[in-house]
>>> print(open('start.pdb').read())   # PDB, C-alpha atoms and all ligand atoms
MODEL        1
ATOM      1  CA  MET A   1      15.544  12.132   2.780
ATOM      2  CA  PHE A   2      14.048   9.377   0.599
ATOM      3  CA  SER A   3      11.375  10.351  -1.922
ATOM      4  CA  LEU A   4       9.045   8.919  -4.541
ATOM      5  CA  VAL A   5       7.967  11.496  -7.121
ATOM      6  CA  THR A   6       6.021  11.021 -10.336
ATOM      7  CA  ASP A   7       5.867  13.464 -13.204
ATOM      8  CA  ASN A   8       2.920  13.151 -15.603
ATOM      9  CA  LEU A   9       2.710   9.414 -14.959
ATOM     10  CA  SER A  10       0.321   7.690 -17.375
ATOM     11  CA  PHE A  11      -0.413   4.039 -18.104
ATOM     12  CA  ALA A  12      -2.597   2.353 -20.730
ATOM     13  CA  TYR A  13      -3.548  -1.345 -20.903
ATOM     14  CA  LYS A  14      -4.748  -0.841 -24.478
ATOM     15  CA  ASP A  15      -5.475   2.381 -26.383
ATOM     16  CA  SER A  16      -6.672   4.863 -23.783
ATOM     17  CA  ASN A  17      -4.915   5.818 -20.562
ATOM     18  CA  THR A  18      -6.206   4.157 -17.377
ATOM     19  CA  ILE A  19      -4.219   6.604 -15.281
ATOM     20  CA  ASP A  20      -3.426   9.948 -16.792
ATOM     21  CA  ASN A  21      -0.798  12.549 -15.878
ATOM     22  CA  VAL A  22      -0.483  11.658 -12.208
ATOM     23  CA  ASN A  23       1.832  13.984 -10.280
ATOM     24  CA  LEU A  24       2.378  12.373  -6.912
ATOM     25  CA  LYS A  25       4.899  12.843  -4.135
ATOM     26  CA  VAL A  26       5.708  11.105  -0.875
ATOM     27  CA  GLU A  27       8.800  11.379   1.333
ATOM     28  CA  SER A  28      10.417   9.550   4.251
ATOM     29  CA  GLY A  29       8.164   9.511   7.287
ATOM     30  CA  GLN A  30       5.009  10.379   5.325
ATOM     31  CA  VAL A  31       1.870   8.355   4.641
ATOM     32  CA  LEU A  32       0.062   8.944   1.345
ATOM     33  CA  VAL A  33      -3.376   7.327   1.047
ATOM     34  CA  ILE A  34      -4.885   6.809  -2.427
ATOM     35  CA  LEU A  35      -8.679   6.906  -2.648
ATOM     36  CA  GLY A  36     -10.957   6.349  -5.616
ATOM     37  CA  PRO A  37     -14.006   4.355  -6.723
ATOM     38  CA  ASN A  38     -13.907   0.767  -7.984
ATOM     39  CA  GLY A  39     -12.138   0.356 -11.303
ATOM     40  CA  ILE A  40     -10.674   3.882 -11.359
ATOM     41  CA  GLY A  41      -7.033   2.741 -11.433
ATOM     42  CA  LYS A  42      -5.728   2.490  -7.852
ATOM     43  CA  SER A  43      -4.146  -0.935  -8.383
ATOM     44  CA  THR A  44      -2.856   0.162 -11.785
ATOM     45  CA  LEU A  45      -1.183   3.179 -10.179
ATOM     46  CA  ILE A  46       0.251   1.032  -7.392
ATOM     47  CA  ASN A  47       1.594  -1.499  -9.897
ATOM     48  CA  CYS A  48       3.351   1.335 -11.742
ATOM     49  CA  LEU A  49       4.779   2.832  -8.524
ATOM     50  CA  SER A  50       6.131  -0.512  -7.362
ATOM     51  CA  GLY A  51       7.801  -1.481 -10.641
ATOM     52  CA  VAL A  52       5.369  -4.274 -11.573
ATOM     53  CA  PHE A  53       4.342  -2.334 -14.708
ATOM     54  CA  SER A  54       7.285  -0.775 -16.508
ATOM     55  CA  LYS A  55       5.534   0.389 -19.683
ATOM     56  CA  TYR A  56       4.389   3.633 -18.135
ATOM     57  CA  LYS A  57       4.778   7.084 -19.665
ATOM     58  CA  GLY A  58       6.167  10.070 -17.790
ATOM     59  CA  SER A  59       8.542   9.427 -14.922
ATOM     60  CA  ILE A  60       8.679   7.748 -11.532
ATOM     61  CA  LYS A  61      11.713   8.821  -9.536
ATOM     62  CA  LEU A  62      12.891   6.943  -6.478
ATOM     63  CA  ASP A  63      15.492   9.153  -4.856
ATOM     64  CA  ASN A  64      16.053  10.804  -8.258
ATOM     65  CA  ASP A  65      16.622   7.462 -10.047
ATOM     66  CA  GLU A  66      14.113   6.429 -12.732
ATOM     67  CA  LEU A  67      12.280   3.394 -11.336
ATOM     68  CA  LYS A  68      12.432   1.218 -14.458
ATOM     69  CA  LYS A  69      16.207   1.646 -14.644
ATOM     70  CA  ILE A  70      16.877   0.363 -11.111
ATOM     71  CA  ASP A  71      17.924  -3.303 -11.082
ATOM     72  CA  SER A  72      15.477  -5.635  -9.374
ATOM     73  CA  LYS A  73      17.754  -6.654  -6.481
ATOM     74  CA  LYS A  74      18.537  -3.015  -5.636
ATOM     75  CA  LEU A  75      14.855  -2.161  -5.962
ATOM     76  CA  SER A  76      13.860  -4.899  -3.501
ATOM     77  CA  HIS A  77      16.101  -3.257  -0.889
ATOM     78  CA  LYS A  78      14.355   0.075  -1.348
ATOM     79  CA  LEU A  79      10.755  -0.773  -2.019
ATOM     80  CA  ALA A  80       8.328  -3.465  -0.871
ATOM     81  CA  LEU A  81       4.853  -4.123  -2.230
ATOM     82  CA  VAL A  82       1.855  -5.675  -0.532
ATOM     83  CA  SER A  83      -0.407  -6.629  -3.434
ATOM     84  CA  GLN A  84      -4.168  -6.847  -3.276
ATOM     85  CA  GLY A  85      -5.755 -10.179  -2.391
ATOM     86  CA  VAL A  86      -2.739 -12.409  -3.013
ATOM     87  CA  ASN A  87      -3.705 -15.962  -2.172
ATOM     88  CA  ILE A  88      -0.516 -17.535  -0.854
ATOM     89  CA  ASN A  89      -0.698 -21.225  -1.644
ATOM     90  CA  THR A  90       2.479 -22.675  -0.288
ATOM     91  CA  ASN A  91       2.972 -25.281   2.401
ATOM     92  CA  LEU A  92       5.850 -23.259   3.858
ATOM     93  CA  SER A  93       5.344 -22.234   7.468
ATOM     94  CA  LEU A  94       4.794 -18.543   8.201
ATOM     95  CA  PHE A  95       8.350 -18.359   9.582
ATOM     96  CA  ASP A  96       9.915 -19.904   6.451
ATOM     97  CA  TYR A  97       7.700 -17.828   4.150
ATOM     98  CA  LEU A  98       8.945 -14.632   5.778
ATOM     99  CA  LEU A  99      12.541 -15.873   5.921
ATOM    100  CA  LEU A 100      12.400 -16.455   2.167
ATOM    101  CA  GLY A 101      11.752 -12.726   1.818
ATOM    102  CA  ARG A 102      15.351 -12.198   3.006
ATOM    103  CA  SER A 103      16.816 -14.135   0.060
ATOM    104  CA  SER A 104      17.601 -11.023  -1.985
ATOM    105  CA  PHE A 105      19.998 -10.005   0.811
ATOM    106  CA  HIS A 106      22.112 -13.141   0.248
ATOM    107  CA  SER A 107      24.052 -14.645  -2.622
ATOM    108  CA  ILE A 108      22.808 -17.935  -4.069
ATOM    109  CA  PHE A 109      25.523 -19.709  -2.046
ATOM    110  CA  SER A 110      24.667 -18.257   1.363
ATOM    111  CA  GLN A 111      21.804 -19.076   3.703
ATOM    112  CA  PRO A 112      19.720 -16.716   5.859
ATOM    113  CA  ASN A 113      21.535 -16.276   9.177
ATOM    114  CA  LYS A 114      20.664 -15.806  12.833
ATOM    115  CA  ASN A 115      20.091 -12.059  12.340
ATOM    116  CA  ASP A 116      17.550 -12.802   9.608
ATOM    117  CA  GLU A 117      15.773 -15.208  11.962
ATOM    118  CA  ILE A 118      15.705 -12.587  14.739
ATOM    119  CA  LEU A 119      14.280 -10.032  12.284
ATOM    120  CA  VAL A 120      11.601 -12.479  11.095
ATOM    121  CA  ASP A 121      10.632 -13.258  14.716
ATOM    122  CA  SER A 122      10.295  -9.550  15.512
ATOM    123  CA  ILE A 123       8.097  -9.021  12.451
ATOM    124  CA  ILE A 124       5.879 -11.980  13.337
ATOM    125  CA  THR A 125       5.360 -10.244  16.707
ATOM    126  CA  LYS A 126       4.633  -6.917  14.963
ATOM    127  CA  ILE A 127       1.901  -8.501  12.829
ATOM    128  CA  GLY A 128       0.612 -10.413  15.863
ATOM    129  CA  LEU A 129       0.822 -13.921  14.385
ATOM    130  CA  GLU A 130       3.133 -15.496  17.010
ATOM    131  CA  SER A 131       0.763 -18.424  17.557
ATOM    132  CA  LEU A 132       0.935 -19.269  13.825
ATOM    133  CA  LYS A 133       4.736 -19.141  13.456
ATOM    134  CA  PHE A 134       4.997 -22.803  12.395
ATOM    135  CA  THR A 135       1.589 -23.070  10.685
ATOM    136  CA  SER A 136       1.541 -23.819   6.976
ATOM    137  CA  MET A 137       0.605 -20.731   4.961
ATOM    138  CA  GLN A 138      -2.051 -22.654   3.030
ATOM    139  CA  ASN A 139      -3.912 -23.385   6.273
ATOM    140  CA  MET A 140      -4.326 -19.714   7.163
ATOM    141  CA  SER A 141      -7.453 -17.595   6.786
ATOM    142  CA  GLY A 142      -7.663 -14.756   4.249
ATOM    143  CA  GLY A 143      -7.062 -12.131   6.944
ATOM    144  CA  GLN A 144      -4.092 -14.037   8.396
ATOM    145  CA  LYS A 145      -2.597 -14.327   4.894
ATOM    146  CA  GLN A 146      -3.055 -10.577   4.429
ATOM    147  CA  LEU A 147      -1.130  -9.912   7.651
ATOM    148  CA  ALA A 148       1.525 -12.433   6.543
ATOM    149  CA  ASN A 149       1.925 -10.541   3.256
ATOM    150  CA  ILE A 150       2.501  -7.316   5.172
ATOM    151  CA  GLY A 151       5.120  -9.202   7.208
ATOM    152  CA  ARG A 152       6.721 -10.505   4.031
ATOM    153  CA  ALA A 153       7.080  -6.908   2.788
ATOM    154  CA  LEU A 154       8.537  -5.736   6.115
ATOM    155  CA  VAL A 155      11.344  -8.333   6.134
ATOM    156  CA  GLN A 156      12.750  -6.455   3.142
ATOM    157  CA  GLU A 157      13.299  -3.496   5.524
ATOM    158  CA  PRO A 158      12.118  -1.132   2.770
ATOM    159  CA  LYS A 159      12.486   2.642   2.642
ATOM    160  CA  LEU A 160       9.184   2.752   0.774
ATOM    161  CA  LEU A 161       6.245   0.478   1.540
ATOM    162  CA  ILE A 162       3.436   0.328  -1.027
ATOM    163  CA  MET A 163       0.215  -1.425  -0.047
ATOM    164  CA  ASP A 164      -2.872  -2.098  -2.164
ATOM    165  CA  GLU A 165      -5.927  -2.210   0.133
ATOM    166  CA  PRO A 166      -3.973  -3.822   2.987
ATOM    167  CA  THR A 167      -6.983  -3.988   5.320
ATOM    168  CA  SER A 168      -9.611  -5.284   2.873
ATOM    169  CA  ALA A 169      -9.876  -8.743   4.497
ATOM    170  CA  LEU A 170      -9.350  -7.629   8.078
ATOM    171  CA  ASP A 171     -11.748  -7.302  11.014
ATOM    172  CA  TYR A 172     -11.788  -4.066  13.069
ATOM    173  CA  LYS A 173      -9.147  -5.230  15.563
ATOM    174  CA  ASN A 174      -6.733  -6.196  12.804
ATOM    175  CA  GLN A 175      -7.495  -3.016  10.845
ATOM    176  CA  VAL A 176      -6.426  -1.048  13.917
ATOM    177  CA  LYS A 177      -3.317  -3.228  14.196
ATOM    178  CA  VAL A 178      -2.333  -2.481  10.585
ATOM    179  CA  LEU A 179      -3.124   1.244  10.866
ATOM    180  CA  LYS A 180      -1.036   1.504  14.063
ATOM    181  CA  LEU A 181       1.764  -0.372  12.300
ATOM    182  CA  VAL A 182       1.550   2.076   9.376
ATOM    183  CA  LYS A 183       1.840   4.999  11.817
ATOM    184  CA  SER A 184       4.774   3.487  13.683
ATOM    185  CA  LEU A 185       6.627   2.592  10.451
ATOM    186  CA  SER A 186       6.213   6.152   9.201
ATOM    187  CA  LYS A 187       7.568   7.458  12.518
ATOM    188  CA  GLN A 188      10.635   5.275  11.893
ATOM    189  CA  GLY A 189      11.131   7.194   8.632
ATOM    190  CA  ILE A 190       9.577   4.821   6.096
ATOM    191  CA  ALA A 191       7.560   6.381   3.276
ATOM    192  CA  ILE A 192       4.188   4.677   2.823
ATOM    193  CA  VAL A 193       1.694   4.649  -0.033
ATOM    194  CA  MET A 194      -1.533   2.734   0.558
ATOM    195  CA  SER A 195      -4.874   2.503  -1.173
ATOM    196  CA  THR A 196      -8.134   1.950   0.649
ATOM    197  CA  HIS A 197     -11.890   2.245   0.192
ATOM    198  CA  ASP A 198     -12.324   3.819   3.608
ATOM    199  CA  PRO A 199     -11.738   7.606   3.857
ATOM    200  CA  ASN A 200     -11.837   7.215   7.668
ATOM    201  CA  GLN A 201      -8.570   5.291   7.456
ATOM    202  CA  ALA A 202      -7.090   8.255   5.629
ATOM    203  CA  THR A 203      -8.109  10.641   8.431
ATOM    204  CA  MET A 204      -6.459   8.265  10.926
ATOM    205  CA  VAL A 205      -3.069   7.751   9.258
ATOM    206  CA  ALA A 206      -2.514   9.929   6.208
ATOM    207  CA  ASP A 207      -0.349  13.026   5.978
ATOM    208  CA  SER A 208      -1.614  13.495   2.446
ATOM    209  CA  VAL A 209      -4.351  11.987   0.299
ATOM    210  CA  GLY A 210      -4.472  11.421  -3.452
ATOM    211  CA  LEU A 211      -7.896  11.292  -5.101
ATOM    212  CA  LEU A 212      -8.225   9.423  -8.398
ATOM    213  CA  MET A 213     -11.277  11.130  -9.880
ATOM    214  CA  SER A 214     -13.629   9.772 -12.564
ATOM    215  CA  ASN A 215     -12.503  12.448 -15.057
ATOM    216  CA  LYS A 216      -9.009  10.911 -14.768
ATOM    217  CA  THR A 217      -7.534  13.781 -12.788
ATOM    218  CA  TYR A 218      -5.392  13.104  -9.719
ATOM    219  CA  ASN A 219      -5.621  15.588  -6.837
ATOM    220  CA  GLN A 220      -3.172  15.302  -3.980
ATOM    221  CA  GLY A 221      -3.130  17.485  -0.899
ATOM    222  CA  SER A 222      -2.834  17.401   2.870
ATOM    223  CA  THR A 223      -5.483  15.209   4.484
ATOM    224  CA  ASN A 224      -7.503  17.863   6.333
ATOM    225  CA  VAL A 225      -7.636  20.112   3.260
ATOM    226  CA  ILE A 226      -8.541  17.528   0.628
ATOM    227  CA  LEU A 227     -10.975  15.337   2.564
ATOM    228  CA  ASN A 228     -14.414  16.882   2.930
ATOM    229  CA  ASP A 229     -18.039  16.010   2.207
ATOM    230  CA  GLN A 230     -17.992  17.723  -1.188
ATOM    231  CA  SER A 231     -14.774  16.141  -2.472
ATOM    232  CA  LEU A 232     -15.720  12.647  -1.267
ATOM    233  CA  SER A 233     -19.328  12.856  -2.543
ATOM    234  CA  LYS A 234     -17.922  13.866  -5.939
ATOM    235  CA  LEU A 235     -15.273  11.133  -5.801
ATOM    236  CA  TYR A 236     -17.696   8.306  -5.018
ATOM    237  CA  GLN A 237     -20.746   9.873  -6.798
ATOM    238  CA  THR A 238     -22.921   9.318  -3.719
ATOM    239  CA  PRO A 239     -23.755  11.579  -0.769
ATOM    240  CA  ILE A 240     -21.148  11.380   2.015
ATOM    241  CA  ILE A 241     -21.620  13.274   5.246
ATOM    242  CA  SER A 242     -19.078  13.855   7.992
ATOM    243  CA  THR A 243     -19.679  14.447  11.680
ATOM    244  CA  PHE A 244     -17.093  15.532  14.196
ATOM    245  CA  SER A 245     -16.777  12.939  16.948
ATOM    246  CA  ASP A 246     -15.824  14.396  20.334
ATOM    247  CA  ASP A 247     -14.828  10.914  21.510
ATOM    248  CA  LEU A 248     -12.571  10.209  18.527
ATOM    249  CA  GLN A 249     -11.493  13.840  18.139
ATOM    250  CA  ARG A 250     -11.771  13.629  14.365
ATOM    251  CA  ASN A 251     -14.270  13.823  11.521
ATOM    252  CA  VAL A 252     -16.047  10.564  10.754
ATOM    253  CA  PHE A 253     -17.339  10.070   7.203
ATOM    254  CA  GLY A 254     -20.576   8.149   6.626
ATOM    255  CA  ILE A 255     -22.647   7.190   3.586
ATOM    256  CA  GLU A 256     -26.190   8.502   3.218
ATOM    257  CA  MET A 257     -28.839   5.916   2.332
ATOM    258  CA  GLY A 258     -31.382   8.477   1.076
TER     259      GLY A 258
HETATM  260  N1  LIG B 301      -4.763  -6.541 -17.021
HETATM  261  C1  LIG B 301      -5.692  -5.655 -17.436
HETATM  262  N2  LIG B 301      -5.954  -5.510 -18.754
HETATM  263  C2  LIG B 301      -6.864  -4.608 -19.197
HETATM  264  N3  LIG B 301      -7.567  -3.802 -18.376
HETATM  265  C3  LIG B 301      -7.341  -3.907 -17.048
HETATM  266  C4  LIG B 301      -6.404  -4.830 -16.514
HETATM  267  N4  LIG B 301      -6.378  -4.695 -15.167
HETATM  268  C5  LIG B 301      -7.280  -3.738 -14.872
HETATM  269  N5  LIG B 301      -7.853  -3.269 -15.997
HETATM  270  C6  LIG B 301      -8.884  -2.200 -16.074
HETATM  271  O1  LIG B 301      -8.288  -0.978 -15.652
HETATM  272  C7  LIG B 301      -9.194  -0.227 -14.868
HETATM  273  C8  LIG B 301      -8.565   0.082 -13.500
HETATM  274  O2  LIG B 301      -8.431  -1.126 -12.775
HETATM  275  P1  LIG B 301      -7.768  -1.155 -11.338
HETATM  276  O3  LIG B 301      -7.732  -2.568 -10.890
HETATM  277  O4  LIG B 301      -6.518  -0.395 -11.372
HETATM  278  O5  LIG B 301      -8.855  -0.316 -10.500
HETATM  279  P2  LIG B 301      -9.006  -0.136  -8.922
HETATM  280  O6  LIG B 301      -9.245   1.319  -8.696
HETATM  281  O7  LIG B 301      -7.862  -0.740  -8.200
HETATM  282  O8  LIG B 301     -10.345  -0.956  -8.651
HETATM  283  P3  LIG B 301     -10.912  -1.687  -7.318
HETATM  284  O9  LIG B 301     -11.177  -0.611  -6.315
HETATM  285  O10 LIG B 301     -12.195  -2.295  -7.832
HETATM  286  O11 LIG B 301      -9.904  -2.697  -6.872
HETATM  287  C9  LIG B 301     -10.466  -1.036 -14.771
HETATM  288  O12 LIG B 301     -11.382  -0.543 -15.722
HETATM  289  C10 LIG B 301     -10.048  -2.440 -15.123
HETATM  290  O13 LIG B 301     -11.081  -3.135 -15.784
ENDMDL
END
>>> encode(input="start.pdb", output="structure tokens", more="lines below")
Ligand SMILES: Nc1ncnc2c1ncn2[C@@H]1O[C@H](COP(=O)(O)OP(=O)(O)OP(=O)(O)O)[C@@H](O)[C@H]1O
Amino acid sequence: MFSLVTDNLSFAYKDSNTIDNVNLKVESGQVLVILGPNGIGKSTLINCLSGVFSKYKGSIKLDNDELKKIDSKKLSHKLALVSQGVNINTNLSLFDYLLLGRSSFHSIFSQPNKNDEILVDSIITKIGLESLKFTSMQNMSGGQKQLANIGRALVQEPKLLIMDEPTSALDYKNQVKVLKLVKSLSKQGIAIVMSTHDPNQATMVADSVGLLMSNKTYNQGSTNVILNDQSLSKLYQTPIISTFSDDLQRNVFGIEMG
């Protein structure tokens, strides 16, 4: 069983902590969704969890190993990150861009092989970009690039997938595609951490939800316990009202205009 566990994780850009004493846990086959208002520290937390920021305080344990002590090649075989709003500006084709993501599996003297190519093809199908396989990355739309970045993370065949607002540039159809992919990856045993601005996405895919509150506390609990009108209205400091949809068979959260 693979796990990511933090113990009193804190991080400061300057003097005061941006994230403070976060105790978070996610295991193989689970989806943890991080919610919080703009500027609260979701990306900061994600950058700590994925090893981008190593000057954190407290601990981050990946399978009982302290994250900052794991060498980068080993880490890339365990964990993959989909960063927020990365603008890929390369003239590589989608296929070559994803194939490059396999380079950490080879020595500097060996080339990606047929198996890598088969894997990349299957991931292009998973993200639904078959028609763009040989298109230059720089000629893709923002949403297509976002899907390509998810593909680039998947070619690492990670045990833990961390995604910062992976659906922010996507239309409804592609949001559903990504959320279904998240569900199917978790069923395959991958642990997933993702941030979003949409609590409805959490009700669709999350086993547990972590709320980054304005008083710098972090509350994590199972989705149906932690997500309610009171907790979300407090989180976003605006009235949020849920209604149970018989058609969707779940609560749908909406914002009140007053
Ligand atoms: N490189 C940096 N140096 C100093 N402060 C930073 C830096 N990056 C972010 N911050 C600050 O840290 C705080 C948290 O930012 P972060 O990007 O983690 O928030 P977020 O919850 O992801 O926001 P959003 O939902 O708007 O993307 C913000 O106040 C931001 O201004």
>>> residues_around(input="start.pdb", residues="Ser93 (chain A)", least_positions_apart="5", cutoff="8 Å", atoms="all atoms listed in the file", output="MDAnalysis selection string")
chainID A and resid 133:137
>>> closest_residue(input="start.pdb", among="A:Met204, A:Ile192, A:Ile255, A:Asp96", to="Val176 (chain A)", atoms="only C-alpha atoms")
A:Met204
>>> residues_near_ligand(input="start.pdb", ligand="ligand LIG 301 (chain B)", cutoff="12 Å", atoms="all atoms listed in the file", output="tab-separated table (two decimals) with C-alpha atoms, in the coordinates of the input")
chain	number	residue	atom	x	y	z
A	11	PHE	CA	-0.41	4.04	-18.10
A	12	ALA	CA	-2.60	2.35	-20.73
A	13	TYR	CA	-3.55	-1.34	-20.90
A	14	LYS	CA	-4.75	-0.84	-24.48
A	15	ASP	CA	-5.48	2.38	-26.38
A	16	SER	CA	-6.67	4.86	-23.78
A	17	ASN	CA	-4.92	5.82	-20.56
A	18	THR	CA	-6.21	4.16	-17.38
A	19	ILE	CA	-4.22	6.60	-15.28
A	20	ASP	CA	-3.43	9.95	-16.79
A	34	ILE	CA	-4.88	6.81	-2.43
A	35	LEU	CA	-8.68	6.91	-2.65
A	36	GLY	CA	-10.96	6.35	-5.62
A	37	PRO	CA	-14.01	4.36	-6.72
A	38	ASN	CA	-13.91	0.77	-7.98
A	39	GLY	CA	-12.14	0.36	-11.30
A	40	ILE	CA	-10.67	3.88	-11.36
A	41	GLY	CA	-7.03	2.74	-11.43
A	42	LYS	CA	-5.73	2.49	-7.85
A	43	SER	CA	-4.15	-0.94	-8.38
A	44	THR	CA	-2.86	0.16	-11.78
A	45	LEU	CA	-1.18	3.18	-10.18
A	46	ILE	CA	0.25	1.03	-7.39
A	47	ASN	CA	1.59	-1.50	-9.90
A	48	CYS	CA	3.35	1.34	-11.74
A	52	VAL	CA	5.37	-4.27	-11.57
A	53	PHE	CA	4.34	-2.33	-14.71
A	83	SER	CA	-0.41	-6.63	-3.43
A	84	GLN	CA	-4.17	-6.85	-3.28
A	85	GLY	CA	-5.76	-10.18	-2.39
A	163	MET	CA	0.22	-1.42	-0.05
A	164	ASP	CA	-2.87	-2.10	-2.16
A	165	GLU	CA	-5.93	-2.21	0.13
A	166	PRO	CA	-3.97	-3.82	2.99
A	168	SER	CA	-9.61	-5.28	2.87
A	194	MET	CA	-1.53	2.73	0.56
A	195	SER	CA	-4.87	2.50	-1.17
A	196	THR	CA	-8.13	1.95	0.65
A	197	HIS	CA	-11.89	2.24	0.19
A	198	ASP	CA	-12.32	3.82	3.61
A	211	LEU	CA	-7.90	11.29	-5.10
A	212	LEU	CA	-8.22	9.42	-8.40
A	213	MET	CA	-11.28	11.13	-9.88
A	214	SER	CA	-13.63	9.77	-12.56
A	216	LYS	CA	-9.01	10.91	-14.77
A	235	LEU	CA	-15.27	11.13	-5.80
A	236	TYR	CA	-17.70	8.31	-5.02
>>> resolve_selection(input="start.pdb", expression="the PyMOL selection byres (((chain A and resi 182) around 10) and not hetatm)", output="MDAnalysis selection string")
chainID A and resid 30:31 161 176:181 183:188 190:194 205:206
>>> residues_around(input="start.pdb", residues="Ser222 (chain A)", least_positions_apart="3", cutoff="8 Å", atoms="only C-alpha atoms", output="list in words")
Asp207, Ser208, Val209, Val225 and Ile226 of chain A
>>> write_last_selection(input="start.pdb", atoms="C-alpha atoms", output="short mmCIF file (atom, residue, chain, number, x, y, z; two decimals), in the frame of the given file")
data_model
loop_
_atom_site.label_atom_id
_atom_site.label_comp_id
_atom_site.auth_asym_id
_atom_site.auth_seq_id
_atom_site.Cartn_x
_atom_site.Cartn_y
_atom_site.Cartn_z
CA ASP A 207 -0.35 13.03 5.98
CA SER A 208 -1.61 13.50 2.45
CA VAL A 209 -4.35 11.99 0.30
CA VAL A 225 -7.64 20.11 3.26
CA ILE A 226 -8.54 17.53 0.63
#
>>> closest_residue(input="start.pdb", among="A:Leu160, A:Val252, A:Val82, A:Leu227", to="Met1 (chain A)", atoms="only C-alpha atoms")
A:Leu160
>>> residues_near_point(input="start.pdb", point="(-30.1, 7.9, 3.0)", cutoff="12 Å", atoms="only C-alpha atoms", output="PDB file with C-alpha atoms, in the frame of the given file")
ATOM      1  CA  THR A 238     -22.921   9.318  -3.719  1.00  0.00           C
ATOM      2  CA  PRO A 239     -23.755  11.579  -0.769  1.00  0.00           C
ATOM      3  CA  ILE A 240     -21.148  11.380   2.015  1.00  0.00           C
ATOM      4  CA  ILE A 241     -21.620  13.274   5.246  1.00  0.00           C
ATOM      5  CA  GLY A 254     -20.576   8.149   6.626  1.00  0.00           C
ATOM      6  CA  ILE A 255     -22.647   7.190   3.586  1.00  0.00           C
ATOM      7  CA  GLU A 256     -26.190   8.502   3.218  1.00  0.00           C
ATOM      8  CA  MET A 257     -28.839   5.916   2.332  1.00  0.00           C
ATOM      9  CA  GLY A 258     -31.382   8.477   1.076  1.00  0.00           C
TER      10      GLY A 258
END
>>> resolve_selection(input="start.pdb", expression="the PyMOL selection byres (((chain A and resi 107-117) around 12) and not hetatm)", output="PyMOL selection string")
chain A and resi 73+95-106+118-124+133+154-157
>>> resolve_selection(input="start.pdb", expression="the PyMOL selection byres (((chain A and resi 245-251) around 9) and not hetatm)", output="VMD selection string")
chain A and resid 200 203 to 204 242 to 244 252 to 253
>>> closest_residue(input="start.pdb", among="A:Met140, A:Leu75, A:Leu49, A:Ile70", to="Thr90 (chain A)", atoms="only C-alpha atoms")
A:Met140
>>> atom_distance(input="start.pdb", atom1="CA of Ser233 (chain A)", atom2="CA of Gln175 (chain A)")
23.9 Å
>>> atom_distance(input="start.pdb", atom1="CA of Ser28 (chain A)", atom2="CA of Lys69 (chain A)")
21.3 Å
>>> atom_distance(input="start.pdb", atom1="CA of Asp171 (chain A)", atom2="CA of Gly143 (chain A)")
7.9 Å
>>> axis_aligned_box(input="start.pdb", around="region 232-251 of chain A", padding_each_side="8 Å", output="AutoDock Vina command-line options")
--center_x -17.6 --center_y 11.9 --center_z 7.4 --size_x 28.3 --size_y 23.2 --size_z 44.3
>>> residues_near_point(input="start.pdb", point="(12.2, 11.7, -5.2)", cutoff="6 Å", atoms="all atoms listed in the file", output="PyMOL selection string")
chain A and resi 3-5+61-64
>>> closest_residue(input="start.pdb", among="A:Asn139, A:Thr167, A:Ser131, A:Thr125", to="Gly151 (chain A)", atoms="all atoms listed in the file")
A:Thr125
>>> residues_around(input="start.pdb", residues="Val22 (chain A)", least_positions_apart="2", cutoff="6 Å", atoms="all atoms listed in the file", output="JSON, numbers by chain")
{"A": [8, 9, 20, 218]}
